[in-house]
file my_file-v7.cif (mmCIF, C-alpha atoms)
data_work
loop_
_atom_site.label_atom_id
_atom_site.label_comp_id
_atom_site.auth_asym_id
_atom_site.auth_seq_id
_atom_site.Cartn_x
_atom_site.Cartn_y
_atom_site.Cartn_z
CA MET A 1 1.25 -121.92 -84.17
CA LYS A 2 2.50 -121.11 -80.68
CA LYS A 3 3.98 -117.88 -82.00
CA LYS A 4 0.64 -116.99 -83.56
CA ILE A 5 -1.24 -117.63 -80.28
CA LEU A 6 1.34 -115.68 -78.34
CA SER A 7 1.03 -112.85 -80.81
CA VAL A 8 -2.75 -112.79 -80.42
CA LEU A 9 -2.47 -112.84 -76.62
CA LEU A 10 0.01 -109.96 -76.67
CA ALA A 11 -2.22 -107.98 -78.99
CA THR A 12 -5.24 -108.66 -76.78
CA THR A 13 -3.31 -107.67 -73.66
CA MET A 14 -2.12 -104.44 -75.28
CA THR A 15 -5.66 -103.64 -76.46
CA LEU A 16 -7.09 -104.20 -72.98
CA SER A 17 -4.27 -102.17 -71.47
CA LEU A 18 -4.85 -99.30 -73.87
CA ALA A 19 -8.61 -99.47 -73.27
CA ALA A 20 -8.01 -99.32 -69.52
CA CYS A 21 -5.65 -96.37 -69.98
CA SER A 22 -8.19 -94.69 -72.22
CA SER A 23 -10.93 -95.33 -69.67
CA ASN A 24 -8.81 -93.99 -66.82
CA SER A 25 -7.80 -91.00 -68.93
CA SER A 26 -11.43 -90.31 -69.77
CA LYS A 27 -12.41 -90.69 -66.10
CA ASP A 28 -9.58 -88.41 -65.00
CA SER A 29 -10.65 -85.84 -67.58
CA SER A 30 -14.28 -86.10 -66.45
CA ASP A 31 -13.34 -85.82 -62.79
CA LYS A 32 -11.13 -82.84 -63.56
CA LYS A 33 -13.98 -81.13 -65.41
CA ASN A 34 -16.47 -81.84 -62.63
CA SER A 35 -14.14 -80.60 -59.91
CA LYS A 36 -12.80 -77.61 -61.83
CA VAL A 37 -15.13 -75.04 -60.24
CA GLU A 38 -14.20 -76.28 -56.78
CA GLU A 39 -10.56 -75.56 -57.52
CA MET A 40 -11.18 -72.02 -58.79
CA SER A 41 -10.63 -68.78 -56.95
CA PHE A 42 -13.45 -66.28 -57.29
CA ASP A 43 -11.37 -64.30 -59.81
CA ASP A 44 -10.99 -67.52 -61.80
CA MET A 45 -14.77 -67.95 -61.74
CA LYS A 46 -15.26 -64.47 -63.16
CA LYS A 47 -12.85 -65.23 -65.99
CA GLU A 48 -14.47 -68.60 -66.64
CA ALA A 49 -17.97 -67.07 -66.73
CA LYS A 50 -17.11 -64.12 -68.98
CA GLY A 51 -19.21 -64.18 -72.12
CA SER A 52 -21.48 -66.94 -70.80
CA THR A 53 -25.21 -67.12 -70.07
CA VAL A 54 -26.67 -67.87 -66.63
CA THR A 55 -30.24 -69.13 -66.45
CA PHE A 56 -32.22 -68.02 -63.39
CA TYR A 57 -35.32 -70.16 -62.80
CA GLY A 58 -37.99 -68.88 -60.41
CA TRP A 59 -41.60 -67.90 -59.88
CA GLY A 60 -42.58 -65.30 -62.46
CA GLY A 61 -45.77 -63.93 -60.91
CA ASP A 62 -44.23 -60.75 -59.46
CA GLU A 63 -44.11 -58.22 -62.29
CA VAL A 64 -42.26 -55.64 -60.18
CA LEU A 65 -39.51 -58.18 -59.47
CA ASN A 66 -39.45 -59.33 -63.10
CA LYS A 67 -38.93 -55.77 -64.30
CA TRP A 68 -36.15 -55.17 -61.77
CA LEU A 69 -34.36 -58.38 -62.75
CA ASP A 70 -34.57 -57.50 -66.44
CA ASP A 71 -33.90 -53.75 -66.22
CA VAL A 72 -31.46 -53.51 -63.31
CA PHE A 73 -29.81 -56.80 -62.37
CA ALA A 74 -29.30 -58.20 -65.89
CA PRO A 75 -27.64 -55.01 -67.24
CA ASP A 76 -25.47 -54.86 -64.09
CA MET A 77 -24.24 -58.42 -64.67
CA LYS A 78 -23.58 -57.73 -68.35
CA GLU A 79 -21.67 -54.52 -67.69
CA LYS A 80 -19.57 -55.79 -64.77
CA TYR A 81 -18.91 -59.39 -65.78
CA ASP A 82 -20.02 -59.77 -69.42
CA ILE A 83 -22.53 -62.37 -68.24
CA LYS A 84 -25.96 -62.60 -69.85
CA MET A 85 -28.77 -63.33 -67.40
CA GLU A 86 -31.66 -65.34 -68.78
CA ARG A 87 -34.73 -65.24 -66.53
CA VAL A 88 -36.95 -68.33 -66.84
CA PRO A 89 -40.34 -67.82 -65.13
CA MET A 90 -41.67 -71.10 -63.80
CA ASP A 91 -43.39 -72.42 -60.68
CA ILE A 92 -41.04 -74.21 -58.31
CA ASP A 93 -42.75 -77.59 -58.66
CA GLN A 94 -42.23 -77.40 -62.44
CA ILE A 95 -38.60 -76.36 -61.94
CA LEU A 96 -37.87 -79.30 -59.67
CA SER A 97 -39.74 -81.65 -62.00
CA GLN A 98 -37.60 -80.51 -64.91
CA LEU A 99 -34.42 -80.78 -62.85
CA SER A 100 -35.39 -84.25 -61.66
CA GLY A 101 -36.02 -85.34 -65.25
CA GLU A 102 -32.64 -84.01 -66.39
CA MET A 103 -30.81 -85.81 -63.59
CA GLU A 104 -32.68 -89.07 -64.11
CA GLY A 105 -31.70 -88.81 -67.77
CA ASN A 106 -28.08 -88.26 -66.71
CA LYS A 107 -27.95 -84.86 -68.44
CA LYS A 108 -24.55 -83.52 -67.40
CA ASP A 109 -24.88 -79.93 -68.66
CA GLY A 110 -28.39 -79.05 -67.52
CA ASP A 111 -30.52 -76.10 -68.58
CA ILE A 112 -31.00 -74.80 -65.03
CA ASP A 113 -28.25 -72.80 -63.31
CA MET A 114 -29.72 -70.65 -60.51
CA ILE A 115 -32.96 -71.45 -58.68
CA TRP A 116 -35.12 -69.21 -56.48
CA ILE A 117 -36.12 -71.62 -53.73
CA ASN A 118 -36.81 -72.12 -50.01
CA GLY A 119 -38.77 -74.12 -47.48
CA GLU A 120 -39.91 -77.67 -48.12
CA ASN A 121 -38.83 -77.39 -51.77
CA PHE A 122 -35.23 -76.81 -50.71
CA LYS A 123 -35.36 -79.66 -48.22
CA SER A 124 -36.72 -82.05 -50.82
CA ALA A 125 -34.27 -80.99 -53.54
CA LYS A 126 -31.25 -81.19 -51.25
CA GLU A 127 -32.19 -84.60 -49.87
CA LYS A 128 -32.56 -85.89 -53.45
CA ASN A 129 -29.07 -84.58 -54.33
CA MET A 130 -30.50 -82.17 -56.89
CA LEU A 131 -28.49 -79.16 -55.70
CA TYR A 132 -24.83 -78.22 -55.98
CA GLY A 133 -22.87 -77.33 -52.89
CA PRO A 134 -21.71 -76.29 -50.49
CA PHE A 135 -20.77 -73.10 -52.32
CA THR A 136 -21.38 -70.04 -50.09
CA ASP A 137 -17.87 -70.22 -48.60
CA LYS A 138 -16.51 -69.41 -52.08
CA LEU A 139 -18.45 -66.11 -52.36
CA PRO A 140 -16.70 -62.96 -51.06
CA ASN A 141 -19.92 -61.02 -50.42
CA PHE A 142 -21.34 -63.83 -48.30
CA SER A 143 -18.62 -63.57 -45.67
CA LYS A 144 -18.19 -59.80 -46.04
CA TYR A 145 -21.79 -58.60 -45.84
CA ILE A 146 -24.01 -61.43 -44.55
CA ASP A 147 -24.50 -62.29 -40.88
CA THR A 148 -23.23 -65.84 -41.31
CA LYS A 149 -24.18 -66.76 -37.73
CA SER A 150 -27.82 -65.77 -38.14
CA GLU A 151 -30.46 -68.50 -37.93
CA ASP A 152 -32.10 -66.89 -40.98
CA VAL A 153 -28.99 -67.76 -42.98
CA ASN A 154 -28.20 -71.15 -41.48
CA TYR A 155 -31.71 -72.63 -41.43
CA ASP A 156 -34.49 -72.64 -44.00
CA PHE A 157 -37.81 -73.50 -42.36
CA ALA A 158 -35.74 -75.01 -39.52
CA TYR A 159 -33.80 -77.19 -42.00
CA PRO A 160 -29.99 -76.81 -41.95
CA ILE A 161 -28.68 -75.14 -45.12
CA LYS A 162 -24.99 -76.09 -44.83
CA GLY A 163 -23.87 -73.79 -47.65
CA TYR A 164 -26.31 -75.07 -50.29
CA GLU A 165 -28.25 -71.79 -50.48
CA ALA A 166 -27.36 -68.09 -50.41
CA PRO A 167 -29.84 -65.45 -49.16
CA TYR A 168 -31.81 -63.59 -51.82
CA GLY A 169 -34.32 -61.53 -49.87
CA LYS A 170 -36.26 -61.48 -46.62
CA ALA A 171 -40.00 -61.82 -46.35
CA GLN A 172 -42.44 -61.27 -43.52
CA PHE A 173 -46.12 -62.04 -43.45
CA VAL A 174 -48.37 -58.99 -42.99
CA PHE A 175 -51.99 -58.02 -43.42
CA MET A 176 -53.20 -54.92 -45.19
CA LYS A 177 -56.61 -53.31 -45.33
CA ASP A 178 -58.35 -50.38 -46.92
CA ASN A 179 -58.89 -47.92 -44.08
CA ALA A 180 -61.65 -46.21 -46.03
CA ALA A 181 -63.61 -49.47 -46.28
CA ALA A 182 -62.75 -50.96 -42.87
CA LYS A 183 -61.68 -48.81 -39.93
CA GLU A 184 -61.00 -51.60 -37.40
CA THR A 185 -57.50 -53.13 -37.14
CA PRO A 186 -57.49 -56.67 -35.68
CA LYS A 187 -54.68 -57.21 -33.16
CA ASN A 188 -55.15 -60.95 -32.67
CA ALA A 189 -57.08 -63.95 -33.92
CA GLU A 190 -60.23 -63.23 -31.92
CA GLU A 191 -60.41 -59.65 -33.18
CA PHE A 192 -59.79 -60.97 -36.69
CA LEU A 193 -62.85 -63.22 -36.34
CA GLU A 194 -64.95 -60.24 -35.27
CA PHE A 195 -63.54 -58.26 -38.20
CA CYS A 196 -64.63 -61.00 -40.61
CA LYS A 197 -68.09 -61.09 -39.04
CA LYS A 198 -68.51 -57.35 -39.57
CA TYR A 199 -67.25 -57.45 -43.15
CA LYS A 200 -68.87 -60.74 -44.05
CA GLY A 201 -67.88 -62.04 -47.48
CA LYS A 202 -65.22 -59.35 -47.91
CA VAL A 203 -62.29 -61.28 -46.41
CA THR A 204 -60.61 -64.48 -47.51
CA TYR A 205 -57.22 -66.15 -47.94
CA PRO A 206 -55.74 -68.20 -50.79
CA LYS A 207 -56.32 -71.92 -51.04
CA LEU A 208 -53.51 -73.99 -49.61
CA PRO A 209 -50.84 -74.95 -50.69
CA ASP A 210 -50.54 -71.37 -51.96
CA PHE A 211 -47.56 -69.92 -50.10
CA THR A 212 -49.51 -67.00 -48.63
CA GLY A 213 -52.55 -69.04 -47.68
CA SER A 214 -50.28 -71.57 -45.99
CA VAL A 215 -48.42 -68.96 -43.93
CA PHE A 216 -51.73 -67.41 -42.84
CA VAL A 217 -52.84 -70.78 -41.48
CA ARG A 218 -49.49 -71.30 -39.74
CA ASN A 219 -49.77 -67.85 -38.18
CA ILE A 220 -53.23 -68.72 -36.88
CA ILE A 221 -51.77 -71.95 -35.47
CA TYR A 222 -49.17 -69.94 -33.55
CA GLU A 223 -51.88 -67.56 -32.32
CA THR A 224 -54.34 -70.19 -31.15
CA CYS A 225 -52.12 -73.13 -30.14
CA GLY A 226 -49.75 -71.53 -27.66
CA GLY A 227 -46.94 -70.20 -29.86
CA TYR A 228 -44.34 -71.74 -32.12
CA GLU A 229 -42.00 -73.49 -29.68
CA GLN A 230 -43.75 -76.88 -29.57
CA PHE A 231 -43.50 -77.24 -33.35
CA MET A 232 -39.75 -76.74 -33.70
CA ASP A 233 -38.88 -80.36 -32.90
CA MET A 234 -42.21 -82.01 -33.71
CA LYS A 235 -42.18 -85.14 -35.88
CA ALA A 236 -44.11 -84.96 -39.13
CA ASP A 237 -46.64 -87.52 -37.90
CA LYS A 238 -50.11 -86.61 -39.12
CA ALA A 239 -51.94 -87.66 -35.96
CA THR A 240 -49.47 -85.78 -33.74
CA VAL A 241 -49.67 -82.63 -35.84
CA LYS A 242 -53.46 -82.74 -36.06
CA LYS A 243 -53.79 -83.03 -32.31
CA ALA A 244 -51.42 -80.09 -31.77
CA ILE A 245 -53.23 -77.79 -34.23
CA GLN A 246 -56.81 -78.76 -33.33
CA PRO A 247 -57.59 -75.36 -31.72
CA ALA A 248 -56.56 -73.68 -34.98
CA LEU A 249 -58.70 -76.05 -37.05
CA ASP A 250 -61.68 -75.27 -34.83
CA TYR A 251 -61.00 -71.55 -35.22
CA LEU A 252 -60.66 -71.73 -39.02
CA LYS A 253 -63.94 -73.65 -39.30
CA LYS A 254 -65.60 -71.01 -37.12
CA LEU A 255 -64.18 -68.37 -39.49
CA ASN A 256 -65.50 -70.01 -42.67
CA PRO A 257 -69.11 -68.74 -42.70
CA TYR A 258 -67.92 -65.13 -42.69
CA LEU A 259 -65.38 -65.46 -45.50
CA TRP A 260 -65.83 -64.92 -49.22
CA ASN A 261 -68.09 -67.65 -50.63
CA GLY A 262 -68.84 -68.78 -47.08
CA GLY A 263 -65.54 -70.67 -46.87
CA LYS A 264 -66.94 -73.31 -49.24
CA SER A 265 -64.07 -72.56 -51.58
CA PHE A 266 -61.05 -70.28 -51.63
CA PRO A 267 -59.29 -68.27 -54.36
CA ASP A 268 -56.69 -70.45 -56.01
CA SER A 269 -53.76 -68.03 -55.60
CA SER A 270 -52.51 -64.97 -53.78
CA THR A 271 -52.47 -63.22 -57.17
CA LYS A 272 -56.23 -63.76 -57.41
CA CYS A 273 -56.73 -62.41 -53.88
CA GLU A 274 -54.64 -59.36 -54.69
CA LYS A 275 -56.80 -58.59 -57.71
CA MET A 276 -59.95 -59.03 -55.63
CA TYR A 277 -58.56 -56.52 -53.13
CA SER A 278 -57.51 -54.01 -55.78
CA ASP A 279 -60.97 -54.31 -57.39
CA GLY A 280 -62.67 -53.61 -54.05
CA GLU A 281 -64.16 -57.08 -53.79
CA LEU A 282 -62.19 -57.59 -50.56
CA VAL A 283 -61.48 -55.07 -47.81
CA MET A 284 -58.31 -56.87 -46.75
CA TYR A 285 -55.34 -58.63 -48.32
CA MET A 286 -52.40 -60.59 -46.90
CA THR A 287 -48.88 -61.05 -48.24
CA TYR A 288 -45.31 -62.11 -47.54
CA GLY A 289 -44.21 -58.75 -48.97
CA ALA A 290 -43.79 -56.54 -45.92
CA TYR A 291 -43.76 -53.35 -48.00
CA ASP A 292 -46.12 -54.38 -50.79
CA ALA A 293 -48.62 -51.75 -49.67
CA ALA A 294 -46.23 -48.93 -50.58
CA VAL A 295 -45.55 -50.43 -54.01
CA GLY A 296 -49.27 -50.97 -54.65
CA ILE A 297 -50.21 -47.46 -53.56
CA ASP A 298 -47.43 -45.98 -55.66
CA ASN A 299 -48.39 -47.79 -58.88
CA GLY A 300 -52.12 -47.35 -58.36
CA THR A 301 -52.90 -51.03 -57.78
CA TYR A 302 -54.09 -50.52 -54.20
CA PRO A 303 -56.32 -47.81 -52.72
CA LYS A 304 -54.35 -44.87 -51.33
CA THR A 305 -55.94 -45.61 -47.95
CA THR A 306 -54.25 -49.02 -47.69
CA GLN A 307 -52.51 -49.66 -44.37
CA THR A 308 -50.32 -52.62 -43.31
CA PHE A 309 -50.76 -54.27 -39.92
CA GLN A 310 -49.70 -57.36 -38.01
CA PHE A 311 -50.91 -59.19 -34.90
CA ASP A 312 -49.52 -58.08 -31.55
CA LYS A 313 -47.88 -61.47 -30.98
CA GLY A 314 -46.12 -61.18 -34.32
CA THR A 315 -46.10 -62.61 -37.80
CA ILE A 316 -43.99 -65.26 -39.50
CA GLY A 317 -40.91 -64.22 -41.44
CA ASN A 318 -38.44 -66.11 -43.57
CA THR A 319 -35.56 -65.71 -45.96
CA ASN A 320 -35.80 -66.82 -49.56
CA PHE A 321 -32.71 -68.17 -51.21
CA MET A 322 -30.74 -68.86 -54.36
CA ALA A 323 -29.45 -72.35 -55.06
CA ILE A 324 -27.52 -73.95 -57.92
CA ALA A 325 -28.67 -77.04 -59.82
CA ALA A 326 -26.41 -80.05 -59.27
CA ASN A 327 -26.00 -80.47 -63.03
CA SER A 328 -25.74 -76.76 -63.87
CA ALA A 329 -23.72 -76.19 -67.03
CA ASN A 330 -22.44 -72.87 -65.68
CA LYS A 331 -21.73 -73.16 -61.97
CA ALA A 332 -19.01 -70.48 -62.13
CA GLY A 333 -21.41 -68.00 -63.72
CA ALA A 334 -24.14 -68.87 -61.22
CA MET A 335 -21.79 -68.20 -58.31
CA VAL A 336 -20.73 -64.84 -59.75
CA ALA A 337 -24.40 -63.88 -60.17
CA ILE A 338 -25.33 -65.02 -56.66
CA ASN A 339 -22.38 -63.13 -55.19
CA GLU A 340 -23.49 -59.97 -57.01
CA MET A 341 -27.05 -60.37 -55.73
CA MET A 342 -25.67 -60.15 -52.18
CA SER A 343 -23.71 -56.95 -52.85
CA PRO A 344 -24.78 -53.86 -50.86
CA GLU A 345 -25.42 -51.97 -54.10
CA ILE A 346 -27.83 -54.56 -55.49
CA GLN A 347 -29.52 -55.12 -52.13
CA ALA A 348 -29.99 -51.34 -51.75
CA SER A 349 -31.52 -51.22 -55.23
CA ARG A 350 -33.96 -54.01 -54.33
CA TYR A 351 -34.82 -52.19 -51.09
CA LYS A 352 -35.45 -48.93 -52.95
CA GLU A 353 -37.20 -50.19 -56.07
CA MET A 354 -39.13 -53.18 -54.73
CA LYS A 355 -39.26 -52.46 -51.01
CA THR A 356 -37.72 -55.87 -50.27
CA LEU A 357 -36.19 -56.43 -46.84
CA PRO A 358 -32.40 -56.59 -47.38
CA VAL A 359 -30.30 -59.64 -46.49
CA VAL A 360 -27.06 -57.74 -45.88
CA SER A 361 -26.11 -57.04 -42.27
CA TYR A 362 -26.38 -53.32 -41.59
CA ASP A 363 -23.52 -53.53 -39.07
CA LYS A 364 -21.17 -54.82 -41.77
CA LEU A 365 -21.75 -51.89 -44.11
CA SER A 366 -19.54 -48.85 -44.54
CA ASP A 367 -20.96 -45.43 -43.63
CA ASP A 368 -21.58 -44.63 -47.31
CA GLN A 369 -23.31 -47.96 -47.83
CA LYS A 370 -25.50 -47.40 -44.77
CA LYS A 371 -26.60 -44.07 -46.25
CA GLU A 372 -27.89 -45.88 -49.34
CA PHE A 373 -30.31 -47.79 -47.14
CA ASP A 374 -31.05 -44.94 -44.73
CA ASN A 375 -32.10 -42.67 -47.58
CA VAL A 376 -34.71 -45.07 -48.95
CA ASP A 377 -38.26 -43.78 -48.61
CA LEU A 378 -40.35 -46.87 -47.93
CA GLY A 379 -43.53 -45.05 -48.93
CA LYS A 380 -47.03 -45.02 -47.50
CA GLY A 381 -49.07 -47.60 -45.66
CA VAL A 382 -46.19 -49.67 -44.24
CA ILE A 383 -44.89 -50.69 -40.82
CA ALA A 384 -41.53 -49.26 -39.76
CA GLN A 385 -38.77 -51.84 -40.20
CA ASP A 386 -37.74 -51.89 -36.53
CA GLU A 387 -41.32 -52.54 -35.41
CA LEU A 388 -41.86 -55.12 -38.13
CA LEU A 389 -38.76 -57.14 -37.28
CA SER A 390 -39.37 -56.90 -33.53
CA LYS A 391 -42.44 -59.09 -34.11
CA ARG A 392 -40.79 -61.58 -36.47
CA LEU A 393 -41.66 -65.22 -35.76
CA PRO A 394 -39.78 -68.23 -37.13
CA GLU A 395 -41.12 -70.53 -39.81
CA MET A 396 -42.22 -74.02 -38.92
CA PRO A 397 -39.93 -76.94 -39.82
CA ALA A 398 -40.27 -77.69 -43.53
CA GLN A 399 -41.52 -81.25 -43.00
CA LEU A 400 -44.59 -80.05 -41.07
CA VAL A 401 -45.83 -77.69 -43.79
CA PRO A 402 -47.23 -80.27 -46.26
CA VAL A 403 -48.78 -82.20 -43.37
CA ILE A 404 -50.64 -79.09 -42.18
CA GLU A 405 -51.73 -78.30 -45.74
CA GLU A 406 -53.14 -81.81 -46.14
CA ILE A 407 -55.02 -81.59 -42.82
CA TRP A 408 -56.42 -78.17 -43.83
CA GLN A 409 -57.78 -79.65 -47.08
CA GLU A 410 -59.50 -82.43 -45.15
CA GLU A 411 -60.71 -80.54 -42.08
CA VAL A 412 -61.38 -76.92 -43.03
CA VAL A 413 -62.49 -76.39 -46.64
CA GLY A 414 -66.27 -76.25 -46.81
CA LYS A 415 -66.68 -77.22 -43.16
#
call {"tool": "encode", "arguments": {"input": "my_file-v7.cif", "output": "structure tokens"}}
result
Amino acid sequence: MKKKILSVLLATTMTLSLAACSSNSSKDSSDKKNSKVEEMSFDDMKKEAKGSTVTFYGWGGDEVLNKWLDDVFAPDMKEKYDIKMERVPMDIDQILSQLSGEMEGNKKDGDIDMIWINGENFKSAKEKNMLYGPFTDKLPNFSKYIDTKSEDVNYDFAYPIKGYEAPYGKAQFVFMKDNAAAKETPKNAEEFLEFCKKYKGKVTYPKLPDFTGSVFVRNIIYETCGGYEQFMDMKADKATVKKAIQPALDYLKKLNPYLWNGGKSFPDSSTKCEKMYSDGELVMYMTYGAYDAAVGIDNGTYPKTTQTFQFDKGTIGNTNFMAIAANSANKAGAMVAINEMMSPEIQASRYKEMKTLPVVSYDKLSDDQKKEFDNVDLGKGVIAQDELLSKRLPEMPAQLVPVIEEIWQEEVVGK
């Protein structure tokens, strides 16, 4: 009987021991798999990603960008690295909702690899551990061609990036108007009010939280509330923010009666405003695309008499970024794709075909590479790059943006 008990105990001990070994082995294997990309050289990443598919999730409302991604970038990635790029058009809130659902469901190999993101969305995603990183230190083109000390690269809406995003393109808020329909060019907020009075019902801006409508309001805040400096370290306390932006709220309410629909309502998107401008319903349009006027004139969307302008005190600019989902099934492929997006050749193509401000540092380029950018004809109706960037203002801290948008909804619409 004792022998039988001893035998059972030994068997049980061996079973538990084997189970523990199996568990440890499984854990070691899982850890090794999860850390594999961190241990790779960039050449290893290229080998790992060969023959794979990289999904790129981002806003799909820019048809010019969509065409470039499909007709230029995707073939480039296939030819150079045998990587298939799959563009998934989706609004950022839907992207983050899907990613959140995958992570809550403990989906290890998620559907999302690359994400076009910036601002408060990046801050929220990073703080919820939804993004992979840091990864930029593993990308050769980041150190070789990007000004890694630039605030544009280290901060996103004043929020520290710490290697969790790589620059995709630069944006700067500008106005544009049809010179044939409106000869005056407002140089500041007061002149803009007079402009709206003269062209009553022919000017508007998108309803917040539309990205363009939101940056217009922030630009007006800078114009009417003494500049941007006070906001850089301001707490996201609603009462504090409201008090600081009160002059802008007063101004926007004063503007309302002269806007389209008397400021009782606003177009629901910048895309809608663009169509209203191209149809002649508006004499003015506003955009984050500094050179959109040239593209619109060239493809016949905008009147040939369209001219870009900005306020004398400047307009807000930012950088938009590429991030990687924390549960991406193809991190190696995503990093190869992001690295390629920062190459001088691809950035020059974006500059030429889409008139997008490049993220590469001109000083880091070779003479031949500089020629690629120097030879680009930016087209008609735009502001020269030197002048544009000389009036570039920083974005507000990400945490203030939704607070301002909420106050605008309560204090400005229909008032």
call {"tool": "closest_residue", "arguments": {"input": "my_file-v7.cif", "among": "A:Glu184, A:Asp298, A:Asp250, A:Asp152", "to": "Pro394 in chain A", "atoms": "all atoms listed in the file"}}
result
A:Asp152
call {"tool": "resolve_selection", "arguments": {"input": "my_file-v7.cif", "expression": "the PyMOL selection byres ((chain A and resi 255) around 10)", "output": "list in words"}}
result
Glu190, Phe192, Leu193, Glu194, Cys196, Lys197, Thr204, Leu249, Asp250, Tyr251, Leu252, Lys253, Lys254, Asn256, Pro257, Tyr258, Leu259, Gly262, Gly263, Val412 and Lys415 of chain A
call {"tool": "residues_around", "arguments": {"input": "my_file-v7.cif", "residues": "range 60-69 of chain A", "least_positions_apart": "4", "cutoff": "10 Å", "atoms": "all atoms listed in the file", "output": "PyMOL selection string"}}
result
chain A and resi 56+73-76+85-92+270-271+295+349-350+353-354+356
call {"tool": "atom_distance", "arguments": {"input": "my_file-v7.cif", "atom1": "CA of Ala189 in chain A", "atom2": "CA of Glu223 in chain A"}}
result
6.5 Å
call {"tool": "residues_around", "arguments": {"input": "my_file-v7.cif", "residues": "Glu387 in chain A", "least_positions_apart": "3", "cutoff": "12 Å", "atoms": "only C-alpha atoms", "output": "PDB file with C-alpha atoms, in the coordinates of the input"}}
result
ATOM      1  CA  GLN A 172     -42.440 -61.270 -43.520  1.00  0.00           C
ATOM      2  CA  ALA A 290     -43.790 -56.540 -45.920  1.00  0.00           C
ATOM      3  CA  THR A 308     -50.320 -52.620 -43.310  1.00  0.00           C
ATOM      4  CA  PHE A 309     -50.760 -54.270 -39.920  1.00  0.00           C
ATOM      5  CA  GLN A 310     -49.700 -57.360 -38.010  1.00  0.00           C
ATOM      6  CA  PHE A 311     -50.910 -59.190 -34.900  1.00  0.00           C
ATOM      7  CA  ASP A 312     -49.520 -58.080 -31.550  1.00  0.00           C
ATOM      8  CA  LYS A 313     -47.880 -61.470 -30.980  1.00  0.00           C
ATOM      9  CA  GLY A 314     -46.120 -61.180 -34.320  1.00  0.00           C
ATOM     10  CA  THR A 315     -46.100 -62.610 -37.800  1.00  0.00           C
ATOM     11  CA  VAL A 382     -46.190 -49.670 -44.240  1.00  0.00           C
ATOM     12  CA  ILE A 383     -44.890 -50.690 -40.820  1.00  0.00           C
ATOM     13  CA  ALA A 384     -41.530 -49.260 -39.760  1.00  0.00           C
ATOM     14  CA  SER A 390     -39.370 -56.900 -33.530  1.00  0.00           C
ATOM     15  CA  LYS A 391     -42.440 -59.090 -34.110  1.00  0.00           C
ATOM     16  CA  ARG A 392     -40.790 -61.580 -36.470  1.00  0.00           C
TER      17      ARG A 392
END
call {"tool": "closest_residue", "arguments": {"input": "my_file-v7.cif", "among": "A:Asn141, A:Asn179, A:Ile245, A:Ser124", "to": "Glu345 in chain A", "atoms": "all atoms listed in the file"}}
result
A:Asn141
call {"tool": "residues_near_point", "arguments": {"input": "my_file-v7.cif", "point": "(-38.8, -77.5, -45.2)", "cutoff": "10 Å", "atoms": "all atoms listed in the file", "output": "VMD selection string"}}
result
chain A and resid 118 to 124 155 to 160 395 to 402
call {"tool": "write_last_selection", "arguments": {"input": "my_file-v7.cif", "atoms": "C-alpha atoms", "output": "PDB file, in the frame of the given file"}}
result
ATOM      1  CA  ASN A 118     -36.810 -72.120 -50.010  1.00  0.00           C
ATOM      2  CA  GLY A 119     -38.770 -74.120 -47.480  1.00  0.00           C
ATOM      3  CA  GLU A 120     -39.910 -77.670 -48.120  1.00  0.00           C
ATOM      4  CA  ASN A 121     -38.830 -77.390 -51.770  1.00  0.00           C
ATOM      5  CA  PHE A 122     -35.230 -76.810 -50.710  1.00  0.00           C
ATOM      6  CA  LYS A 123     -35.360 -79.660 -48.220  1.00  0.00           C
ATOM      7  CA  SER A 124     -36.720 -82.050 -50.820  1.00  0.00           C
ATOM      8  CA  TYR A 155     -31.710 -72.630 -41.430  1.00  0.00           C
ATOM      9  CA  ASP A 156     -34.490 -72.640 -44.000  1.00  0.00           C
ATOM     10  CA  PHE A 157     -37.810 -73.500 -42.360  1.00  0.00           C
ATOM     11  CA  ALA A 158     -35.740 -75.010 -39.520  1.00  0.00           C
ATOM     12  CA  TYR A 159     -33.800 -77.190 -42.000  1.00  0.00           C
ATOM     13  CA  PRO A 160     -29.990 -76.810 -41.950  1.00  0.00           C
ATOM     14  CA  GLU A 395     -41.120 -70.530 -39.810  1.00  0.00           C
ATOM     15  CA  MET A 396     -42.220 -74.020 -38.920  1.00  0.00           C
ATOM     16  CA  PRO A 397     -39.930 -76.940 -39.820  1.00  0.00           C
ATOM     17  CA  ALA A 398     -40.270 -77.690 -43.530  1.00  0.00           C
ATOM     18  CA  GLN A 399     -41.520 -81.250 -43.000  1.00  0.00           C
ATOM     19  CA  LEU A 400     -44.590 -80.050 -41.070  1.00  0.00           C
ATOM     20  CA  VAL A 401     -45.830 -77.690 -43.790  1.00  0.00           C
ATOM     21  CA  PRO A 402     -47.230 -80.270 -46.260  1.00  0.00           C
TER      22      PRO A 402
END
call {"tool": "closest_residue", "arguments": {"input": "my_file-v7.cif", "among": "A:Pro209, A:Gly280, A:Gly317, A:Gly300", "to": "Ala181 in chain A", "atoms": "all atoms listed in the file"}}
result
A:Gly280
call {"tool": "resolve_selection", "arguments": {"input": "my_file-v7.cif", "expression": "the PyMOL selection byres ((chain A and resi 182) around 9)", "output": "PyMOL selection string"}}
result
chain A and resi 177-181+183-185+195+199+283-284
